[in-house]
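Shown next: work.txt, containing compact mmCIF, C-alpha atoms and all ligand atoms.
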# COMPACT_ATOMS: atom_id res chain seq x y z
CA PRO A 1 2.47 33.71 -72.83
CA PRO A 2 -1.01 32.18 -73.25
CA ALA A 3 -2.40 32.13 -76.80
CA GLY A 4 -4.31 35.30 -77.69
CA GLU A 5 -2.27 37.60 -75.44
CA PRO A 6 -0.36 40.36 -77.23
CA LEU A 7 3.22 39.29 -77.88
CA LEU A 8 4.58 41.99 -80.19
CA ARG A 9 3.20 45.49 -80.56
CA VAL A 10 4.55 47.84 -83.20
CA GLU A 11 3.32 51.40 -82.74
CA LYS A 12 3.81 54.01 -85.44
CA ALA A 13 7.14 52.54 -86.41
CA ARG A 14 9.01 54.84 -88.75
CA LYS A 15 12.28 54.43 -90.61
CA GLN A 16 13.85 56.99 -92.90
CA PHE A 17 17.01 56.44 -94.89
CA GLY A 18 17.88 60.04 -95.72
CA GLY A 19 14.89 61.31 -97.67
CA LEU A 20 13.43 57.85 -98.25
CA VAL A 21 10.68 56.79 -95.86
CA ALA A 22 11.08 53.00 -95.87
CA VAL A 23 8.56 52.45 -93.04
CA ASN A 24 5.93 55.13 -92.58
CA ASP A 25 4.27 55.10 -89.13
CA VAL A 26 3.21 51.46 -89.29
CA SER A 27 1.30 49.92 -86.37
CA PHE A 28 0.29 46.31 -85.90
CA GLU A 29 0.11 43.66 -83.21
CA LEU A 30 0.87 39.97 -83.12
CA GLN A 31 -0.74 37.73 -80.53
CA ALA A 32 0.88 34.74 -78.93
CA GLY A 33 0.19 31.61 -80.96
CA GLU A 34 -0.40 33.41 -84.25
CA ILE A 35 1.22 33.07 -87.63
CA VAL A 36 1.01 36.54 -89.20
CA GLY A 37 2.01 37.22 -92.79
CA LEU A 38 3.63 40.53 -93.69
CA ILE A 39 3.09 40.98 -97.40
CA GLY A 40 3.44 43.67 -100.05
CA PRO A 41 5.30 44.46 -103.27
CA ASN A 42 9.08 44.74 -103.45
CA GLY A 43 10.39 47.79 -101.66
CA ALA A 44 7.32 48.01 -99.40
CA GLY A 45 9.49 48.05 -96.27
CA LYS A 46 8.94 44.48 -95.06
CA SER A 47 12.59 43.56 -94.49
CA THR A 48 13.18 46.95 -92.92
CA MET A 49 10.33 46.19 -90.50
CA PHE A 50 12.15 42.97 -89.53
CA ASN A 51 15.34 44.97 -89.03
CA LEU A 52 13.49 47.40 -86.77
CA VAL A 53 11.92 44.64 -84.65
CA THR A 54 15.25 42.84 -84.26
CA GLY A 55 17.21 46.02 -83.55
CA VAL A 56 19.41 45.73 -86.64
CA VAL A 57 18.55 49.31 -87.56
CA PRO A 58 17.26 51.98 -85.15
CA LEU A 59 13.77 53.48 -85.46
CA THR A 60 13.39 57.03 -86.70
CA GLY A 61 10.13 57.22 -84.72
CA GLY A 62 7.57 55.11 -82.92
CA GLU A 63 7.85 52.29 -80.42
CA ILE A 64 8.10 48.51 -80.39
CA ARG A 65 7.02 46.41 -77.44
CA PHE A 66 7.44 42.73 -76.71
CA ARG A 67 6.06 40.58 -73.94
CA ALA A 68 8.70 39.76 -71.38
CA GLY A 69 7.51 38.14 -68.16
CA ASP A 70 4.03 39.48 -67.48
CA GLY A 71 4.32 42.87 -69.14
CA MET A 72 4.91 44.46 -72.52
CA ARG A 73 8.30 46.13 -72.45
CA ARG A 74 9.89 48.43 -74.97
CA ILE A 75 12.53 46.74 -77.05
CA ASP A 76 13.32 49.54 -79.49
CA GLY A 77 16.69 50.95 -78.59
CA LEU A 78 17.94 47.62 -77.23
CA ALA A 79 20.91 45.92 -78.87
CA SER A 80 20.09 43.07 -81.28
CA ARG A 81 21.70 40.59 -78.98
CA ARG A 82 19.53 41.69 -76.08
CA ILE A 83 16.38 41.47 -78.22
CA ALA A 84 17.38 37.98 -79.32
CA SER A 85 17.87 36.95 -75.70
CA LEU A 86 14.32 38.10 -74.89
CA GLY A 87 13.07 35.46 -77.33
CA ILE A 88 12.92 36.93 -80.84
CA ALA A 89 14.80 35.09 -83.57
CA ARG A 90 14.96 35.65 -87.32
CA SER A 91 16.11 34.29 -90.61
CA PHE A 92 17.36 36.48 -93.42
CA GLN A 93 15.99 36.99 -96.94
CA HIS A 94 18.99 35.29 -98.49
CA VAL A 95 20.41 32.02 -97.25
CA GLN A 96 23.46 32.68 -95.09
CA LEU A 97 25.16 29.36 -94.70
CA LEU A 98 28.76 28.25 -94.56
CA PRO A 99 28.46 25.75 -97.42
CA ALA A 100 31.63 23.73 -96.76
CA MET A 101 30.81 23.16 -93.10
CA SER A 102 28.49 20.51 -91.74
CA VAL A 103 24.81 21.10 -91.11
CA LEU A 104 25.48 20.63 -87.39
CA GLU A 105 28.31 23.17 -87.32
CA ASN A 106 26.20 25.67 -89.23
CA VAL A 107 23.46 25.49 -86.64
CA ALA A 108 25.91 25.58 -83.72
CA ILE A 109 27.68 28.63 -85.14
CA GLY A 110 24.33 30.28 -85.74
CA ALA A 111 23.36 29.63 -82.14
CA HIS A 112 26.60 31.19 -81.01
CA LEU A 113 26.02 34.15 -83.29
CA ARG A 114 22.48 34.94 -82.25
CA GLY A 115 21.89 38.63 -82.51
CA ARG A 116 25.46 39.40 -83.47
CA ARG A 117 26.61 40.79 -86.75
CA GLY A 118 29.18 39.31 -89.03
CA ILE A 119 29.73 35.66 -89.70
CA PRO A 120 32.46 33.90 -87.79
CA SER A 121 33.82 31.01 -89.78
CA SER A 122 34.24 28.45 -87.02
CA LEU A 123 33.68 27.58 -83.41
CA ALA A 124 37.35 28.25 -82.69
CA GLY A 125 37.92 30.40 -79.65
CA LEU A 126 35.21 28.76 -77.58
CA ASN A 127 36.12 26.60 -74.66
CA ARG A 128 35.23 22.91 -74.72
CA ALA A 129 32.23 23.23 -72.45
CA GLU A 130 30.75 26.06 -74.51
CA GLU A 131 31.34 24.16 -77.71
CA ARG A 132 29.75 21.01 -76.33
CA MET A 133 26.68 22.96 -75.20
CA LEU A 134 26.26 24.62 -78.57
CA LEU A 135 26.58 21.34 -80.43
CA GLN A 136 24.08 19.71 -78.13
CA GLU A 137 21.58 22.51 -78.65
CA ALA A 138 22.16 22.39 -82.41
CA ARG A 139 21.52 18.64 -82.43
CA ARG A 140 18.31 19.10 -80.47
CA GLN A 141 16.99 21.71 -82.91
CA LEU A 142 17.98 19.67 -85.97
CA GLU A 143 16.01 16.72 -84.58
CA ARG A 144 13.13 19.08 -83.89
CA VAL A 145 12.92 20.25 -87.51
CA GLY A 146 13.52 16.78 -88.95
CA LEU A 147 17.07 17.29 -90.23
CA GLY A 148 18.74 15.05 -87.68
CA ARG A 149 19.79 12.45 -90.21
CA LEU A 150 21.57 15.11 -92.35
CA MET A 151 23.55 16.52 -89.42
CA HIS A 152 26.95 15.51 -90.77
CA GLU A 153 26.39 16.44 -94.43
CA GLU A 154 27.98 19.55 -95.89
CA ALA A 155 25.43 22.36 -95.67
CA GLY A 156 26.11 23.29 -99.30
CA SER A 157 25.10 19.84 -100.48
CA LEU A 158 21.53 20.19 -99.17
CA ALA A 159 18.59 21.05 -101.41
CA LEU A 160 17.38 24.63 -101.05
CA GLY A 161 14.31 23.53 -99.09
CA GLN A 162 16.53 21.75 -96.57
CA GLN A 163 18.86 24.76 -96.35
CA ARG A 164 15.88 26.93 -95.45
CA ILE A 165 14.88 24.47 -92.75
CA LEU A 166 18.48 24.44 -91.52
CA GLU A 167 18.20 28.21 -91.13
CA ILE A 168 15.04 27.74 -89.12
CA ALA A 169 16.82 25.22 -86.87
CA ARG A 170 19.51 27.83 -86.37
CA ALA A 171 16.94 30.46 -85.46
CA LEU A 172 15.26 28.02 -83.05
CA CYS A 173 18.36 27.64 -80.89
CA CYS A 174 17.62 28.76 -77.34
CA ASP A 175 13.88 28.36 -77.98
CA PRO A 176 12.62 31.77 -79.11
CA VAL A 177 8.92 32.51 -78.67
CA LEU A 178 8.74 34.65 -81.81
CA LEU A 179 10.27 33.70 -85.13
CA LEU A 180 10.63 36.22 -87.97
CA LEU A 181 11.10 34.56 -91.34
CA ASP A 182 11.96 36.62 -94.41
CA GLU A 183 10.71 34.87 -97.56
CA PRO A 184 11.31 31.31 -96.34
CA ALA A 185 9.48 29.76 -99.32
CA ALA A 186 11.16 31.78 -102.09
CA GLY A 187 12.51 29.55 -104.85
CA LEU A 188 11.26 26.32 -103.27
CA ARG A 189 9.57 23.49 -105.14
CA TYR A 190 5.96 22.59 -104.38
CA GLN A 191 6.88 19.66 -102.10
CA GLU A 192 9.47 21.74 -100.27
CA LYS A 193 6.88 24.43 -99.63
CA GLN A 194 4.51 21.81 -98.25
CA ALA A 195 7.22 20.49 -95.93
CA LEU A 196 8.05 24.02 -94.79
CA ALA A 197 4.39 24.85 -94.13
CA ASP A 198 4.00 21.62 -92.16
CA LEU A 199 7.01 22.50 -90.05
CA LEU A 200 5.76 26.03 -89.35
CA ARG A 201 2.33 24.70 -88.33
CA ARG A 202 4.02 22.22 -86.02
CA LEU A 203 6.13 24.98 -84.45
CA LYS A 204 2.99 27.00 -83.93
CA GLY A 205 1.54 23.96 -82.14
CA GLU A 206 4.60 24.01 -79.90
CA GLY A 207 3.85 27.60 -78.94
CA VAL A 208 6.16 29.45 -81.33
CA SER A 209 4.58 32.55 -82.84
CA ILE A 210 5.65 33.47 -86.35
CA LEU A 211 5.81 36.65 -88.42
CA LEU A 212 6.67 35.89 -92.00
CA VAL A 213 7.32 37.84 -95.16
CA GLU A 214 6.32 35.88 -98.22
CA HIS A 215 5.36 36.50 -101.83
CA ASP A 216 3.82 33.14 -102.61
CA MET A 217 0.12 33.82 -102.08
CA ASP A 218 -0.99 30.18 -101.93
CA PHE A 219 1.61 29.53 -99.26
CA VAL A 220 0.54 32.60 -97.28
CA MET A 221 -3.19 31.95 -97.62
CA ASN A 222 -2.92 28.38 -96.40
CA LEU A 223 -0.64 29.08 -93.50
CA THR A 224 -1.32 32.42 -91.85
CA ASP A 225 -3.94 33.43 -89.30
CA ARG A 226 -3.77 37.08 -90.25
CA LEU A 227 -2.12 39.35 -92.79
CA VAL A 228 -0.61 42.81 -92.63
CA VAL A 229 -0.13 44.43 -96.02
CA MET A 230 2.42 47.15 -96.75
CA GLU A 231 3.02 49.28 -99.83
CA PHE A 232 5.59 52.08 -100.15
CA GLY A 233 6.31 51.94 -96.43
CA THR A 234 2.67 52.26 -95.39
CA LYS A 235 0.27 49.67 -93.97
CA ILE A 236 -2.58 49.51 -96.48
CA ALA A 237 -4.60 46.60 -95.09
CA GLU A 238 -4.80 44.11 -92.25
CA GLY A 239 -7.10 41.22 -91.44
CA LEU A 240 -8.01 37.63 -92.13
CA PRO A 241 -6.25 36.25 -95.22
CA GLN A 242 -9.49 35.65 -97.14
CA ASP A 243 -10.69 39.21 -96.44
CA VAL A 244 -7.37 40.82 -97.29
CA GLN A 245 -7.26 38.87 -100.55
CA ARG A 246 -10.45 40.65 -101.67
CA ASN A 247 -9.42 44.09 -100.39
CA GLU A 248 -9.48 46.76 -103.14
CA ALA A 249 -6.30 48.54 -102.04
CA VAL A 250 -4.45 45.23 -101.90
CA LEU A 251 -5.59 44.14 -105.35
CA GLU A 252 -4.52 47.54 -106.65
CA ALA A 253 -1.09 47.28 -105.02
CA TYR A 254 -0.48 43.89 -106.57
CA LEU A 255 -2.13 44.32 -109.93
CA GLY A 256 -2.42 48.07 -110.53
CA GLY A 257 1.16 49.06 -109.75
P1 LIG A 301 10.92 44.88 -98.95
O1 LIG A 301 11.59 43.94 -98.03
O2 LIG A 301 9.47 45.10 -98.67
O3 LIG A 301 11.14 44.52 -100.38
P2 LIG A 301 12.87 46.78 -97.92
O4 LIG A 301 12.51 46.94 -96.50
O5 LIG A 301 14.02 45.92 -98.25
O6 LIG A 301 11.57 46.32 -98.75
O7 LIG A 301 13.15 48.21 -98.54
C1 LIG A 301 12.25 49.30 -98.40
C2 LIG A 301 12.91 50.53 -98.99
O8 LIG A 301 13.97 50.94 -98.13
C3 LIG A 301 13.52 50.30 -100.35
O9 LIG A 301 13.32 51.47 -101.13
C4 LIG A 301 14.98 50.07 -100.02
O10 LIG A 301 15.81 50.45 -101.11
C5 LIG A 301 15.18 50.98 -98.83
N1 LIG A 301 16.24 50.52 -97.92
C6 LIG A 301 16.24 49.37 -97.21
N2 LIG A 301 17.34 49.28 -96.45
C7 LIG A 301 18.07 50.39 -96.69
C8 LIG A 301 19.34 50.90 -96.20
N3 LIG A 301 20.05 50.22 -95.29
N4 LIG A 301 19.77 52.09 -96.68
C9 LIG A 301 19.03 52.78 -97.58
N5 LIG A 301 17.84 52.39 -98.07
C10 LIG A 301 17.37 51.21 -97.64
MG MG A 302 12.59 42.16 -98.37

Using the file provided, produce a representation of the structure as structure tokens.
Ligand code: ADP
Ligand code: MG
Amino acid sequence: PPAGEPLLRVEKARKQFGGLVAVNDVSFELQAGEIVGLIGPNGAGKSTMFNLVTGVVPLTGGEIRFRAGDGMRRIDGLASRRIASLGIARSFQHVQLLPAMSVLENVAIGAHLRGRRGIPSSLAGLNRAEERMLLQEARRQLERVGLGRLMHEEAGSLALGQQRILEIARALCCDPVLLLLDEPAAGLRYQEKQALADLLRRLKGEGVSILLVEHDMDFVMNLTDRLVVMEFGTKIAEGLPQDVQRNEAVLEAYLGG
């Protein structure tokens, strides 16, 4: 979709786990071409929001829409795999690699997995043509993110920053239009964060929209077009990064506790 058109619309999304309201009627929109940061203290409901958008857990209330073709269609209630096939991909908060397998195999397996649960441990069971296609796609995405030369290394031997980029390559298989990244910069060194930010800006230039959860404020401030702030399941602020940074409720959430 052209930049500036709505791509994802979350309307009064609600998620209760028993008596706990993890996401409390949260609404926000993401436009095509944007990098939006979803921020807030631990337990705010950010990862749960990702799980709702990707269909990993069902909504308790509300609606989620995503642009497919020339209209916004409801995606809540669809299976994860179906949502993934519409063009939404994600990475998880904790690195989920098969450390003893090659970088290439990790990406190929991830591509095969898209939207499924559970981690298969190999490409066994696929026919040759399927396997060749997956490996070819994995190679393409590794080149795209700049990890081509590490393709045959063991995934576990990569630095954390490279592992995170590997996960992004995995998410990029089949060319999603929206990428959800859960704390991609956590634990990274300064240079690794710079490399990650450069990559995300480049992907944005290629037309990939990004919703990311991140705690590192410098990283978020330098990268995102807009921020959505959550606390205790509720959206407490939204706007341009520099405005949100000065918002009273946000300062309170981060400093007041
Ligand atoms: P964040 O990612 O912002 O740190 P989460 O979305 O992980 O927050 O969690 C929000 C709240 O929902 C927390 O209180 C967490 O314990 C709870 N929660 C998340 N997932 C589940 C689940 N599957 N079952 C029960 N409670 C959950
Ligand atoms: Mg989280």

* To do: Find the residues near A:His112: any atom within 8 Å, counting only C-alpha atoms, skip ones fewer than 3 places away on the same chain, and give them as a list in words.
  => Ala108, Ile109 and Leu134 of chain A

* Write out as a list in words each polymer residue (protein, DNA or RNA) that has an atom no more than 7 Å from ligand MG 302 (chain A), with only C-alpha atoms and all ligand atoms counted. =>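 The neighbouring residues of ligand MG 302 (chain A) are, in order, Asn42, Gly43, Gly45, Lys46, Ser47, Gln93 and Asp182 of chain A.
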
* Asked: Of the candidates A:Gly40, A:Pro2, A:Gly18, A:Pro99, which one gets nearest to A:Gly69 if we count only C-alpha atoms?
  ->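 Once distances to A:Gly69 are computed over only C-alpha atoms, the minimum belongs to A:Pro2.
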
Around ligand LIG 301 (chain A), fit a box with edges along x, y and z, padding it by 4 Å on each side, then list its centre and edge lengths in Å to one decimal as AutoDock Vina command-line options.
--center_x 14.8 --center_y 48.4 --center_z -98.2 --size_x 18.6 --size_y 16.8 --size_z 13.8

* Give the residue list for ligand LIG 301 (chain A) at 12 Å, counting all atoms listed in the file, as a PyMOL selection string, sorted by chain and then by residue number. => chain A and resi 14-24+38-52+56-58+92-94+181-183+212-215+228-235

* Asked: Around (19.5, 16.0, -91.1) in the file's own coordinates, what residues are found within 12 Å if you use all atoms listed in the file, given back as a ChimeraX atom specification?
  -> /A:102-107,138-155,157-159,162-163,165-166,169
